[in-house]
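Right, one structure below, let's go through it.
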Amino acid sequence: MSLVLAVLSLASDPQIVDKIPKTEATSHLATLESLLDEKKYLNLRETILNPKSKDELSESLIWLRDHWLEGNSAFVPMMYGLTLWLSTEKVPDGIYKRSTRATAVASMLYFYGVIGIDGARCADPTAPINRLNQFPQIIPDLMSYIATMSPEEQKDVVEVAVGVEAKTAKKRDEIGDLDLMCVGGLRQISYGLSKGGATTELPAKPGQFGRQIGVDGSGYKPESLPAKIWQPVAKKAREEMSARLERLIASINPAKK
């Protein structure tokens, strides 16, 4: 199965989940829709990563794939990539596992690429930077896996990521993604401190030194820059997405030598 077919076809396999009709409506799908509509991303993450059955996992993967290709929040392809990756952890190496992981890579590269595009409208420029910093931690083995892919496979995943971005650009430009891209920056931290938000000591991540303190910024409402400011920036980031992804991959390719 080619990578493009893997992206556009049912992201499941009898080894992992039982295939179900795409049109079957369930309470699980209704829950996913509700959580996405309400932008309850943490709850959505927990629901997807803790399925009650194989059917729920299959439904989640189909739902994530379809909602990614429709141009919903970048949280969706990020969760699609993570869920695909985790679902193949115990699957023997082979064509299925490699194509599924290639699909996961493509969706994660898409996520990385659209941070600069969808994050262009953030009034707090440190918020999308925070998303970029979080990227390597979502799937810790992702970058090392990409380094093992052939140059042809690396080219394929970049082309799929850029292609889906182009397909979804119009809708994303219309709806924005403020509640994902424009939170977690310094403005939210400042807001939390001004409101007396609780502080929590966090474990240091790779590259961090000293004490890491988290601040409860509940109630923060991210703001958007005027369209005349963010649109040219987003346009340039869109034009440069392929090159940015290629640079990202090039930065890890030396590890193959």
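If you're wondering about the labels, chains in the structure tokens are A, B, ... by order shown, residues count from 1 in each chain, ligands from 1 in order shown.
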
Do you know which residues are at most 12 Å from A:Ser251 counting only C-alpha atoms, after dropping those on the same chain fewer than 4 positions away, and could you put them as a PDB file with C-alpha atoms, in the first residue's frame?
```pdb
ATOM      1  CA  MET A 143      12.549  11.948  14.675  1.00  0.00           C
ATOM      2  CA  SER A 144      14.833   8.944  15.031  1.00  0.00           C
ATOM      3  CA  ILE A 146      12.232   9.509  10.252  1.00  0.00           C
ATOM      4  CA  ALA A 147      16.028   9.267  10.086  1.00  0.00           C
ATOM      5  CA  ARG A 244      10.810  23.960   6.414  1.00  0.00           C
ATOM      6  CA  LEU A 245       9.902  20.285   6.573  1.00  0.00           C
ATOM      7  CA  GLU A 246      12.857  19.392   4.388  1.00  0.00           C
ATOM      8  CA  ARG A 247      15.164  21.344   6.718  1.00  0.00           C
ATOM      9  CA  ALA A 255      22.356  10.485  12.391  1.00  0.00           C
ATOM     10  CA  LYS A 256      22.009   7.840   9.665  1.00  0.00           C
TER      11      LYS A 256
END
```

Inset, instruction - Name the residues of stretch 26-150 of chain A that fall into helix (DSSP H, G or I) according to DSSP on the backbone, using the chain letters and numbers of this document, as a PyMOL selection string. - result: chain A and resi 27-37+41-49+54-70+75-87+95-121+126-138+142-148

Inset, instruction - Choose the residue, out of A:Lys236, A:Arg172, A:Lys221, A:Arg98, that has the smallest atom-to-atom separation from A:His67; count only C-alpha atoms. - result: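 Looking only at the distances to A:His67, the closest residue turns out to be A:Arg172.
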
Inset, instruction - Considering only C-alpha atoms, return as number ranges by chain whatever protein or nucleic-acid residues lie within 8 Å of stretch 181-184 of chain A, sequence-local ones (same chain, fewer than 2 positions apart) excluded. - result: A: 115, 118-119, 122-125, 127-128, 130-131, 177-179, 186-189, 222-223

Output the selection as a compact mmCIF listing (two decimals), in the first residue's frame - N, CA and C atoms for each residue.
```
# COMPACT_ATOMS: atom_id res chain seq x y z
N ILE A 115 1.94 24.90 12.23
CA ILE A 115 2.14 25.78 13.39
C ILE A 115 2.52 27.18 12.91
N ASP A 118 -0.98 28.53 10.85
CA ASP A 118 -2.15 28.83 11.68
C ASP A 118 -1.78 29.66 12.92
N GLY A 119 -0.52 29.53 13.33
CA GLY A 119 -0.07 30.31 14.49
C GLY A 119 0.26 31.75 14.14
N CYS A 122 -1.73 34.51 15.97
CA CYS A 122 -1.65 34.66 17.43
C CYS A 122 -1.10 36.03 17.83
N ALA A 123 -1.84 36.73 18.67
CA ALA A 123 -1.35 38.01 19.18
C ALA A 123 -0.14 37.80 20.09
N ASP A 124 -0.07 36.62 20.72
CA ASP A 124 1.09 36.26 21.53
C ASP A 124 2.01 35.38 20.69
N PRO A 125 3.12 35.92 20.19
CA PRO A 125 4.00 35.13 19.32
C PRO A 125 4.71 34.00 20.03
N ALA A 127 3.26 31.79 21.85
CA ALA A 127 2.39 30.61 21.93
C ALA A 127 2.72 29.58 20.86
N PRO A 128 2.79 29.94 19.56
CA PRO A 128 3.17 28.93 18.57
C PRO A 128 4.60 28.43 18.77
N ASN A 130 5.85 27.84 21.60
CA ASN A 130 5.65 26.80 22.61
C ASN A 130 5.22 25.49 21.96
N ARG A 131 4.37 25.56 20.95
CA ARG A 131 3.93 24.35 20.23
C ARG A 131 5.12 23.70 19.50
N ASP A 177 -7.50 28.64 14.54
CA ASP A 177 -7.19 27.58 15.53
C ASP A 177 -6.60 28.21 16.79
N LEU A 178 -7.22 29.31 17.21
CA LEU A 178 -6.69 30.08 18.33
C LEU A 178 -6.57 29.27 19.61
N ASP A 179 -7.57 28.42 19.87
CA ASP A 179 -7.60 27.71 21.15
C ASP A 179 -6.56 26.61 21.25
N LEU A 186 3.64 33.15 26.89
CA LEU A 186 3.93 34.01 28.03
C LEU A 186 2.72 34.84 28.46
N ARG A 187 1.87 35.20 27.52
CA ARG A 187 0.69 36.00 27.89
C ARG A 187 -0.25 35.20 28.79
N GLN A 188 -0.40 33.92 28.51
CA GLN A 188 -1.26 33.10 29.36
C GLN A 188 -0.64 32.91 30.74
N ILE A 189 0.67 32.75 30.77
CA ILE A 189 1.36 32.62 32.06
C ILE A 189 1.18 33.90 32.87
N PRO A 222 -7.29 33.59 24.16
CA PRO A 222 -6.28 34.05 23.20
C PRO A 222 -6.84 35.05 22.21
N GLU A 223 -6.02 35.99 21.82
CA GLU A 223 -6.45 37.02 20.89
C GLU A 223 -5.77 36.84 19.53
```

Legend entry - Residue neighbourhood A:Ile175, 12 Å, only C-alpha atoms, exclusion window fewer than 3 positions, as a ChimeraX atom specification: /A:70-74,118,121,168-172,178-179,224

I need the residues from that last selection saved to file as a short mmCIF file (atom, residue, chain, number, x, y, z; two decimals), in the first residue's frame (with N, CA and C atoms), if you can.
```
data_model
loop_
_atom_site.label_atom_id
_atom_site.label_comp_id
_atom_site.auth_asym_id
_atom_site.auth_seq_id
_atom_site.Cartn_x
_atom_site.Cartn_y
_atom_site.Cartn_z
N GLU A 70 -10.61 17.21 6.57
CA GLU A 70 -11.63 18.26 6.45
C GLU A 70 -11.08 19.63 6.85
N GLY A 71 -9.92 19.66 7.54
CA GLY A 71 -9.33 20.94 7.90
C GLY A 71 -9.69 21.43 9.28
N ASN A 72 -9.89 20.52 10.22
CA ASN A 72 -10.18 20.91 11.59
C ASN A 72 -8.90 21.28 12.34
N SER A 73 -9.03 21.56 13.62
CA SER A 73 -7.90 21.97 14.44
C SER A 73 -6.70 21.04 14.27
N ALA A 74 -5.51 21.60 14.32
CA ALA A 74 -4.28 20.80 14.20
C ALA A 74 -4.15 19.79 15.32
N ASP A 118 -0.98 28.53 10.85
CA ASP A 118 -2.15 28.83 11.68
C ASP A 118 -1.78 29.66 12.92
N ARG A 121 -1.63 34.03 13.27
CA ARG A 121 -2.64 34.99 13.74
C ARG A 121 -2.58 35.23 15.25
N THR A 168 -6.69 21.74 2.85
CA THR A 168 -7.47 22.23 3.99
C THR A 168 -7.27 23.72 4.26
N ALA A 169 -6.44 24.38 3.47
CA ALA A 169 -6.07 25.77 3.75
C ALA A 169 -7.28 26.70 3.84
N LYS A 170 -8.19 26.60 2.90
CA LYS A 170 -9.33 27.53 2.85
C LYS A 170 -10.16 27.46 4.13
N LYS A 171 -10.49 26.24 4.55
CA LYS A 171 -11.32 26.12 5.75
C LYS A 171 -10.57 26.60 6.98
N ARG A 172 -9.30 26.25 7.09
CA ARG A 172 -8.53 26.63 8.27
C ARG A 172 -8.37 28.13 8.36
N LEU A 178 -7.22 29.31 17.21
CA LEU A 178 -6.69 30.08 18.33
C LEU A 178 -6.57 29.27 19.61
N ASP A 179 -7.57 28.42 19.87
CA ASP A 179 -7.60 27.71 21.15
C ASP A 179 -6.56 26.61 21.25
N SER A 224 -6.46 37.30 18.49
CA SER A 224 -5.94 37.20 17.13
C SER A 224 -5.44 38.56 16.65
#
```
